[in-house]
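A.B. asks: The structure file upload_6.cif (mmCIF, C-alpha atoms) is provided below.
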data_work
#
loop_
_atom_site.label_atom_id
_atom_site.label_comp_id
_atom_site.auth_asym_id
_atom_site.auth_seq_id
_atom_site.Cartn_x
_atom_site.Cartn_y
_atom_site.Cartn_z
CA MET S 22 7.27 20.12 -37.58
CA ILE S 23 7.65 16.32 -37.54
CA ARG S 24 10.40 15.30 -35.16
CA THR S 25 12.05 11.93 -35.57
CA ALA S 26 12.11 9.28 -32.85
CA GLY S 27 14.77 9.98 -30.28
CA ASP S 28 14.62 13.74 -30.75
CA PRO S 29 14.50 15.20 -27.22
CA THR S 30 12.25 18.02 -28.44
CA ALA S 31 9.71 15.61 -29.92
CA LEU S 32 6.07 16.38 -29.16
CA THR S 33 3.69 13.73 -27.94
CA GLY S 34 0.91 12.71 -30.31
CA SER S 35 -1.71 14.85 -28.56
CA GLU S 36 0.65 17.84 -28.30
CA ALA S 37 1.60 17.60 -31.96
CA THR S 38 -2.02 17.32 -33.02
CA ALA S 39 -3.01 20.36 -30.95
CA ASP S 40 -0.05 22.36 -32.31
CA ILE S 41 -0.83 21.54 -35.95
CA GLY S 42 -4.57 22.03 -35.45
CA GLU S 43 -4.04 25.49 -33.96
CA ARG S 44 -1.80 26.46 -36.86
CA LYS S 45 -4.33 25.26 -39.43
CA THR S 46 -7.10 27.21 -37.72
CA ASP S 47 -4.89 30.32 -37.74
CA HIS S 48 -4.35 29.81 -41.47
CA LEU S 49 -8.09 29.78 -42.13
CA ASP S 50 -8.71 32.89 -40.04
CA ILE S 51 -5.95 34.80 -41.82
CA VAL S 52 -7.03 33.77 -45.32
CA LEU S 53 -10.61 34.79 -44.53
CA ALA S 54 -9.48 38.17 -43.13
CA PRO S 55 -10.29 41.20 -45.31
CA LYS S 56 -6.68 41.97 -46.10
CA LEU S 57 -3.31 40.32 -45.72
CA ALA S 58 -0.31 42.53 -45.05
CA SER S 59 1.26 41.81 -48.41
CA LYS S 60 1.55 43.10 -51.93
CA ARG S 61 -1.00 41.35 -54.13
CA VAL S 62 0.70 39.48 -56.97
CA ASP S 63 -0.89 39.65 -60.39
CA ALA S 64 -1.72 36.09 -61.47
CA GLY S 65 -1.50 37.26 -65.09
CA PHE S 66 -5.10 36.68 -66.15
CA ASP S 67 -6.05 40.36 -66.49
CA ALA S 68 -3.55 40.81 -69.34
CA ILE S 69 -5.31 38.12 -71.39
CA ARG S 70 -8.35 39.04 -73.47
CA PHE S 71 -10.36 36.78 -75.73
CA GLU S 72 -11.34 37.92 -79.17
CA HIS S 73 -15.12 38.38 -78.97
CA CYS S 74 -17.23 36.33 -81.36
CA ALA S 75 -20.41 38.24 -82.24
CA LEU S 76 -21.78 35.26 -84.19
CA PRO S 77 -21.23 32.22 -81.99
CA GLU S 78 -23.85 30.04 -83.77
CA LEU S 79 -24.35 28.14 -80.51
CA ASP S 80 -27.02 27.56 -77.90
CA VAL S 81 -25.52 28.31 -74.47
CA SER S 82 -27.27 25.29 -72.97
CA ASP S 83 -25.61 22.97 -75.49
CA ILE S 84 -22.04 23.95 -74.58
CA ASP S 85 -20.17 20.92 -73.25
CA LEU S 86 -17.96 21.70 -70.25
CA SER S 87 -17.30 18.07 -69.36
CA ALA S 88 -13.81 16.79 -68.69
CA THR S 89 -12.10 13.63 -67.47
CA PHE S 90 -9.78 13.74 -64.47
CA VAL S 91 -8.02 10.84 -62.70
CA GLY S 92 -10.49 8.43 -64.24
CA ARG S 93 -13.65 10.33 -63.30
CA ARG S 94 -15.99 12.26 -65.56
CA LEU S 95 -16.62 15.86 -64.48
CA ARG S 96 -19.49 18.10 -65.56
CA ALA S 97 -17.13 21.08 -65.52
CA PRO S 98 -13.32 21.33 -65.49
CA LEU S 99 -13.17 22.60 -61.93
CA LEU S 100 -11.20 21.43 -58.91
CA ILE S 101 -12.06 22.61 -55.42
CA SER S 102 -8.48 22.96 -54.27
CA SER S 103 -7.18 21.93 -50.87
CA MET S 104 -8.59 23.74 -47.84
CA THR S 105 -7.96 22.88 -44.24
CA GLY S 106 -8.36 23.97 -40.62
CA GLY S 107 -8.58 22.74 -37.06
CA PRO S 108 -10.24 19.34 -36.70
CA GLU S 109 -13.81 20.39 -35.81
CA ARG S 110 -13.87 23.30 -38.21
CA SER S 111 -12.24 21.23 -40.93
CA ALA S 112 -14.86 18.50 -40.62
CA ARG S 113 -17.64 20.99 -41.26
CA ILE S 114 -15.83 22.53 -44.23
CA ASN S 115 -14.97 19.16 -45.75
CA ALA S 116 -18.57 17.96 -45.51
CA HIS S 117 -19.88 21.08 -47.22
CA LEU S 118 -17.28 20.79 -49.98
CA ALA S 119 -17.91 17.09 -50.56
CA GLU S 120 -21.69 17.52 -50.78
CA ALA S 121 -21.31 20.44 -53.17
CA ALA S 122 -18.77 18.63 -55.35
CA GLN S 123 -21.13 15.64 -55.56
CA GLU S 124 -24.08 17.81 -56.59
CA LEU S 125 -22.06 19.66 -59.23
CA ARG S 126 -19.89 16.67 -60.23
CA ILE S 127 -16.63 18.56 -59.95
CA ALA S 128 -13.34 17.42 -58.39
CA LEU S 129 -12.31 17.90 -54.76
CA GLY S 130 -8.85 17.90 -53.22
CA VAL S 131 -8.79 17.75 -49.42
CA GLY S 132 -6.40 19.71 -47.26
CA SER S 133 -3.39 18.26 -45.50
CA GLN S 134 -4.17 14.96 -43.78
CA ARG S 135 -1.26 15.25 -41.39
CA ILE S 136 -3.46 15.70 -38.31
CA ALA S 137 -5.49 12.63 -39.23
CA LEU S 138 -2.36 10.59 -39.89
CA GLU S 139 -0.51 11.64 -36.74
CA GLY S 140 -3.25 12.19 -34.17
CA ARG S 141 -6.73 11.22 -33.15
CA ALA S 142 -8.70 13.98 -34.86
CA GLN S 143 -9.99 13.14 -38.34
CA GLY S 144 -11.40 16.51 -39.39
CA GLY S 145 -13.98 14.68 -41.46
CA LEU S 146 -11.22 12.93 -43.38
CA ASP S 147 -12.55 9.38 -43.23
CA GLY S 148 -14.92 7.11 -45.13
CA SER S 149 -17.82 9.48 -44.49
CA LEU S 150 -16.37 11.88 -47.04
CA ARG S 151 -16.63 9.33 -49.84
CA ARG S 152 -20.14 8.45 -48.73
CA LEU S 153 -21.09 12.11 -49.13
CA ALA S 154 -19.49 12.22 -52.58
CA PRO S 155 -19.51 8.74 -54.15
CA ASP S 156 -19.18 9.87 -57.77
CA ILE S 157 -16.54 12.59 -57.78
CA ALA S 158 -12.80 12.74 -58.36
CA LEU S 159 -11.52 12.86 -54.76
CA LEU S 160 -7.86 13.59 -54.00
CA ALA S 161 -5.98 12.82 -50.79
CA ASN S 162 -3.14 15.11 -49.66
CA ILE S 163 0.28 14.73 -48.06
CA GLY S 164 3.15 17.19 -47.64
CA ALA S 165 6.34 16.67 -49.64
CA ALA S 166 8.55 17.67 -46.71
CA GLN S 167 7.05 14.92 -44.57
CA LEU S 168 8.18 12.32 -47.13
CA VAL S 169 11.77 12.80 -45.97
CA LEU S 170 10.94 13.29 -42.30
CA GLY S 171 9.45 9.95 -41.38
CA TYR S 172 6.55 9.52 -43.76
CA GLY S 173 6.63 6.90 -46.48
CA LEU S 174 4.54 4.50 -48.49
CA GLU S 175 2.51 3.35 -45.46
CA GLU S 176 1.36 6.86 -44.57
CA ALA S 177 0.61 7.68 -48.19
CA ARG S 178 -1.55 4.55 -48.47
CA ARG S 179 -3.38 5.46 -45.28
CA ALA S 180 -4.05 8.96 -46.60
CA VAL S 181 -5.57 7.52 -49.78
CA ASP S 182 -7.46 4.69 -48.09
CA MET S 183 -8.99 6.74 -45.28
CA ILE S 184 -11.05 8.78 -47.75
CA GLU S 185 -11.13 6.23 -50.61
CA ALA S 186 -9.37 8.74 -52.85
CA ASP S 187 -8.79 8.42 -56.59
CA ALA S 188 -5.36 10.04 -56.42
CA LEU S 189 -2.84 11.51 -53.97
CA ILE S 190 -1.72 15.14 -53.98
CA VAL S 191 1.84 15.73 -52.83
CA HIS S 192 2.06 19.42 -52.04
CA LEU S 193 5.25 21.42 -52.35
CA ASN S 194 5.60 24.41 -50.03
CA PRO S 195 9.32 25.13 -49.55
CA LEU S 196 8.86 28.88 -49.15
CA GLN S 197 6.15 28.50 -46.52
CA GLU S 198 8.27 26.01 -44.57
CA ALA S 199 11.32 28.29 -44.79
CA VAL S 200 9.53 31.31 -43.29
CA GLN S 201 7.35 29.38 -40.84
CA ALA S 202 8.51 29.11 -37.24
CA GLY S 203 9.52 25.48 -36.81
CA GLY S 204 9.02 24.79 -40.50
CA ASP S 205 10.48 21.72 -42.19
CA ARG S 206 13.65 22.94 -43.89
CA SER S 207 15.28 19.69 -44.97
CA TRP S 208 14.10 18.87 -48.48
CA ARG S 209 16.88 16.54 -49.63
CA GLY S 210 15.46 13.40 -51.19
CA VAL S 211 11.94 14.69 -51.89
CA LEU S 212 12.03 13.84 -55.60
CA ASP S 213 13.24 10.29 -54.88
CA ALA S 214 10.45 9.89 -52.34
CA ILE S 215 7.87 11.04 -54.89
CA GLU S 216 9.27 8.60 -57.43
CA THR S 217 8.88 5.78 -54.90
CA LEU S 218 5.23 6.72 -54.40
CA VAL S 219 4.66 6.73 -58.16
CA ARG S 220 6.17 3.27 -58.41
CA GLU S 221 4.56 1.67 -55.36
CA LEU S 222 1.34 3.43 -54.38
CA GLY S 223 -0.91 2.18 -57.17
CA CYS S 224 -2.86 5.38 -57.82
CA PRO S 225 -2.12 8.61 -59.72
CA ILE S 226 0.19 11.12 -58.05
CA VAL S 227 -0.63 14.82 -58.35
CA VAL S 228 2.09 17.29 -57.44
CA LYS S 229 1.14 20.87 -56.68
CA GLU S 230 2.74 23.99 -55.31
CA VAL S 231 0.84 26.03 -52.76
CA GLY S 232 1.06 29.49 -54.27
CA ALA S 233 4.57 30.13 -55.59
CA GLY S 234 4.21 28.24 -58.89
CA LEU S 235 5.86 25.31 -60.62
CA SER S 236 8.43 26.02 -63.31
CA ALA S 237 8.69 24.03 -66.51
CA ASN S 238 12.03 22.62 -65.34
CA VAL S 239 10.59 21.27 -62.09
CA ALA S 240 7.48 19.98 -63.88
CA ARG S 241 9.68 18.09 -66.33
CA ARG S 242 11.61 16.42 -63.50
CA LEU S 243 8.33 15.41 -61.89
CA MET S 244 6.93 13.99 -65.13
CA GLU S 245 10.14 12.02 -65.66
CA ALA S 246 9.61 10.61 -62.15
CA GLY S 247 6.21 9.37 -63.31
CA VAL S 248 3.92 12.02 -61.83
CA SER S 249 0.51 11.95 -63.55
CA VAL S 250 -0.78 15.47 -62.86
CA ILE S 251 0.89 18.83 -62.29
CA ASP S 252 -0.93 21.66 -60.48
CA VAL S 253 1.09 24.84 -61.00
CA ALA S 254 -0.64 26.67 -58.09
CA GLY S 255 1.08 29.88 -59.11
CA ALA S 256 1.56 33.26 -57.52
CA GLY S 257 -1.52 35.46 -57.58
CA GLY S 258 -3.72 33.72 -55.06
CA THR S 259 -3.06 33.26 -51.36
CA SER S 260 0.51 34.08 -50.39
CA TRP S 261 1.45 31.60 -47.68
CA SER S 262 4.50 33.66 -46.88
CA ALA S 263 2.15 36.56 -46.11
CA VAL S 264 -0.03 34.22 -44.05
CA GLU S 265 2.98 33.14 -42.01
CA ALA S 266 3.94 36.79 -41.55
CA GLU S 267 0.62 37.30 -39.76
CA ARG S 268 1.52 34.43 -37.41
CA ALA S 269 5.11 35.52 -36.80
CA ALA S 270 6.18 35.75 -33.17
CA SER S 271 8.94 38.31 -33.78
CA ALA S 272 9.38 41.43 -35.88
CA ALA S 273 12.40 39.93 -37.64
CA THR S 274 10.51 36.77 -38.65
CA ARG S 275 7.59 38.86 -39.86
CA GLU S 276 9.90 41.11 -41.88
CA THR S 277 11.50 38.12 -43.59
CA ALA S 278 8.15 36.51 -44.40
CA LEU S 279 6.79 39.77 -45.84
CA LEU S 280 9.89 40.19 -47.98
CA PHE S 281 8.86 37.03 -49.86
CA ALA S 282 5.11 37.75 -49.87
CA ASP S 283 5.14 38.51 -53.60
CA TRP S 284 7.58 35.73 -54.50
CA GLY S 285 6.76 33.21 -57.18
CA ILE S 286 5.79 32.49 -60.78
CA PRO S 287 2.47 34.09 -61.78
CA THR S 288 -0.11 31.44 -62.57
CA ALA S 289 -0.67 32.41 -66.20
CA THR S 290 3.08 32.33 -66.84
CA ALA S 291 3.44 28.94 -65.15
CA ILE S 292 0.57 27.38 -67.12
CA ARG S 293 1.98 28.56 -70.44
CA ALA S 294 5.51 27.41 -69.65
CA VAL S 295 4.55 23.95 -68.35
CA ARG S 296 2.15 23.27 -71.22
CA LYS S 297 4.78 24.30 -73.78
CA ALA S 298 7.41 22.06 -72.19
CA LEU S 299 5.07 19.12 -71.50
CA PRO S 300 2.32 18.94 -74.14
CA GLU S 301 0.91 15.63 -72.86
CA ILE S 302 0.87 16.19 -69.08
CA CYS S 303 -2.45 16.57 -67.27
CA LEU S 304 -2.27 20.14 -66.01
CA VAL S 305 -4.25 22.02 -63.37
CA GLY S 306 -4.14 25.80 -63.29
CA SER S 307 -4.70 27.27 -59.84
CA GLY S 308 -3.54 30.30 -57.92
CA GLY S 309 -5.55 33.51 -58.27
CA VAL S 310 -8.37 31.97 -60.31
CA ARG S 311 -11.06 34.41 -59.16
CA SER S 312 -13.88 33.61 -61.57
CA GLY S 313 -15.12 31.43 -64.38
CA LEU S 314 -13.57 33.88 -66.82
CA ASP S 315 -10.17 33.34 -65.18
CA ALA S 316 -10.85 29.60 -65.42
CA ALA S 317 -11.54 30.00 -69.14
CA LYS S 318 -8.26 31.86 -69.56
CA ALA S 319 -6.38 29.17 -67.62
CA ILE S 320 -7.82 26.51 -69.92
CA ARG S 321 -7.03 28.58 -73.01
CA LEU S 322 -3.40 28.84 -71.85
CA GLY S 323 -3.11 25.07 -71.51
CA ALA S 324 -4.72 23.90 -68.28
CA ASP S 325 -7.00 20.86 -68.33
CA LEU S 326 -8.72 21.97 -65.12
CA ALA S 327 -8.89 25.18 -63.13
CA GLY S 328 -8.59 25.06 -59.36
CA GLN S 329 -10.01 27.40 -56.74
CA ALA S 330 -9.52 27.40 -52.98
CA ALA S 331 -9.65 30.71 -51.11
CA ALA S 332 -12.37 32.18 -53.35
CA GLY S 333 -14.78 29.49 -52.19
CA LEU S 334 -13.65 29.31 -48.57
CA ALA S 335 -16.20 31.74 -47.12
CA GLY S 336 -19.02 29.69 -48.61
CA ALA S 337 -17.50 26.47 -47.32
CA GLU S 338 -17.64 27.87 -43.79
CA GLN S 339 -21.37 28.57 -44.19
CA SER S 340 -23.15 25.70 -45.90
CA THR S 341 -23.25 23.23 -48.74
CA GLU S 342 -25.72 25.50 -50.51
CA ALA S 343 -23.27 28.41 -50.39
CA VAL S 344 -20.55 26.28 -51.96
CA VAL S 345 -22.94 25.05 -54.66
CA ALA S 346 -24.00 28.64 -55.41
CA HIS S 347 -20.39 29.79 -55.68
CA PHE S 348 -19.14 27.08 -58.00
CA SER S 349 -22.37 27.13 -60.06
CA THR S 350 -21.61 30.79 -60.76
CA VAL S 351 -18.03 29.93 -61.72
CA ALA S 352 -19.28 27.26 -64.14
CA GLU S 353 -21.84 29.66 -65.63
CA GLN S 354 -19.17 32.30 -66.18
CA LEU S 355 -16.99 29.70 -67.89
CA ARG S 356 -19.93 28.71 -70.08
CA ILE S 357 -20.52 32.33 -71.13
CA ALA S 358 -16.82 32.69 -72.00
CA CYS S 359 -17.18 29.64 -74.24
CA PHE S 360 -20.33 31.07 -75.84
CA CYS S 361 -18.74 34.46 -76.57
CA THR S 362 -15.70 32.84 -78.16
CA GLY S 363 -17.81 30.48 -80.29
CA SER S 364 -16.48 27.48 -78.39
CA ALA S 365 -18.85 24.51 -78.24
CA ASN S 366 -16.57 22.61 -75.83
CA LEU S 367 -13.27 22.83 -74.00
CA ALA S 368 -11.27 21.60 -76.99
CA ALA S 369 -12.59 24.57 -78.99
CA LEU S 370 -11.93 26.96 -76.09
CA ARG S 371 -8.28 25.93 -76.10
CA LYS S 372 -8.04 27.27 -79.67
CA ALA S 373 -10.12 30.43 -79.15
CA PRO S 374 -8.43 33.55 -80.60
CA LEU S 375 -6.82 35.98 -78.19
CA LEU S 376 -6.19 39.68 -78.73
CA GLN S 377 -2.45 39.90 -79.11
CA ASP S 378 -1.88 43.07 -77.10
CA GLY S 379 -4.43 42.18 -74.44
CA THR S 380 -6.66 45.17 -75.27
#
Translate this structure into structure tokens?

C.D. replies:
Amino acid sequence: MIRTAGDPTALTGSEATADIGERKTDHLDIVLAPKLASKRVDAGFDAIRFEHCALPELDVSDIDLSATFVGRRLRAPLLISSMTGGPERSARINAHLAEAAQELRIALGVGSQRIALEGRAQGGLDGSLRRLAPDIALLANIGAAQLVLGYGLEEARRAVDMIEADALIVHLNPLQEAVQAGGDRSWRGVLDAIETLVRELGCPIVVKEVGAGLSANVARRLMEAGVSVIDVAGAGGTSWSAVEAERAASAATRETALLFADWGIPTATAIRAVRKALPEICLVGSGGVRSGLDAAKAIRLGADLAGQAAAGLAGAEQSTEAVVAHFSTVAEQLRIACFCTGSANLAALRKAPLLQDGT
């Protein structure tokens, strides 16, 4: 929790950094655990089935998966979504992700830069990241709640500049903050703060949820504020309410967090709704994207890119090669989905026939 100047409970810089770093490390450990104590939400992809094309008249190797995102050309429409952790651990993960993204030419969004902005630890979030990945779409990250609790244009610029990012993610996590001990519960003025960033920052603003989904109504308000990219980050992937339940210090706090563990808009529903309401917005579909086939379904429903975070986290802990292997498999699965729908490129995939009843 960011405490304003003059608050008698304010932490010193080193105390705040240690507190946040410990929490981020806990988050990684819990996400990597075999099972969270929560009901798994259906992201909605299993109900969607493509109509199989037995005569694709294509060569698999000729299928074009390329896409453009925040001014960068990608070889595949994939975003390695924000991951984070304690400073030392985070530095290792970020380096592996950046090297893999560079090799595969896919996009990378870093985790929260709050530790780097508030304390001494960088977690690999400095110019070295861009040197590892000079050609990719690289996205900085700042929390929406912090924008009304002391952060402003200066901190946003520092977040972008420290990694030479192409765009800034502003992440929305009201549910997580509400169930988290010491979470930031004052969200008045967040939209105005985002609008100020759009007007003054000088780079694209991406707004994403963290696992509960963005509705069409909220997406429309963000677009009207000038936001360039929406990432629905719907229910079906990591439940941050369930993660906070694992960290809860009391039975009552844990019970409340678990009550909301299956809260949110399923990813497939969110993608459809936002694309229908905002035909021109750049849209990322993330949240429960488990495979390249799920990525194909997200794109068919209206996403421009598909994002993955937790599914690639184990590999990111290991090595660059493990990350490359994981996302190469995702891209290959996406390519096969294109082939078996007769889609020579992503534009064709977006028009691929679906079976109406999902069977």

A.B. asks: Name the residues captured by the PyMOL selection byres ((chain S and resi 197) around 12) when it is applied to the shown file; answer as an MDAnalysis selection string.

C.D. replies: chainID S and resid 48 164 166 192:196 198:206 230:233 259:266 268 277:279 281:282 284:285

A.B. asks: Could you write out the selected residues, including C-alpha atoms, as a compact mmCIF listing (two decimals), in the coordinates of the input?

C.D. replies:
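Final output, out_8.txt:
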# COMPACT_ATOMS: atom_id res chain seq x y z
CA HIS S 48 -4.35 29.81 -41.47
CA GLY S 164 3.15 17.19 -47.64
CA ALA S 166 8.55 17.67 -46.71
CA HIS S 192 2.06 19.42 -52.04
CA LEU S 193 5.25 21.42 -52.35
CA ASN S 194 5.60 24.41 -50.03
CA PRO S 195 9.32 25.13 -49.55
CA LEU S 196 8.86 28.88 -49.15
CA GLU S 198 8.27 26.01 -44.57
CA ALA S 199 11.32 28.29 -44.79
CA VAL S 200 9.53 31.31 -43.29
CA GLN S 201 7.35 29.38 -40.84
CA ALA S 202 8.51 29.11 -37.24
CA GLY S 203 9.52 25.48 -36.81
CA GLY S 204 9.02 24.79 -40.50
CA ASP S 205 10.48 21.72 -42.19
CA ARG S 206 13.65 22.94 -43.89
CA GLU S 230 2.74 23.99 -55.31
CA VAL S 231 0.84 26.03 -52.76
CA GLY S 232 1.06 29.49 -54.27
CA ALA S 233 4.57 30.13 -55.59
CA THR S 259 -3.06 33.26 -51.36
CA SER S 260 0.51 34.08 -50.39
CA TRP S 261 1.45 31.60 -47.68
CA SER S 262 4.50 33.66 -46.88
CA ALA S 263 2.15 36.56 -46.11
CA VAL S 264 -0.03 34.22 -44.05
CA GLU S 265 2.98 33.14 -42.01
CA ALA S 266 3.94 36.79 -41.55
CA ARG S 268 1.52 34.43 -37.41
CA THR S 277 11.50 38.12 -43.59
CA ALA S 278 8.15 36.51 -44.40
CA LEU S 279 6.79 39.77 -45.84
CA PHE S 281 8.86 37.03 -49.86
CA ALA S 282 5.11 37.75 -49.87
CA TRP S 284 7.58 35.73 -54.50
CA GLY S 285 6.76 33.21 -57.18

A.B. asks: List every protein, DNA or RNA residue that has an atom no more than 9 Å from (-15.6, 32.6, -53.0) in the file's coordinate frame, counting only C-alpha atoms, and report them as an MDAnalysis selection string.

C.D. replies: chainID S and resid 311:312 329:337 344 347:348

A.B. asks: In Å, rounded to a single decimal, give me how far atom CA of S:Arg151 is from atom CA of S:Leu304.

C.D. replies: 24.2 Å

A.B. asks: How would you write, as a PyMOL selection string, the residues chosen by the PyMOL selection byres ((chain S and resi 81) around 10) on this structure?

C.D. replies: chain S and resi 77-80+82-85+353+356-357+359-361+363-365

A.B. asks: How many Å separate atom CA of S:Val345 from atom CA of S:Leu86?

C.D. replies: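 Atom CA of S:Val345 sits 16.7 Å away from atom CA of S:Leu86.
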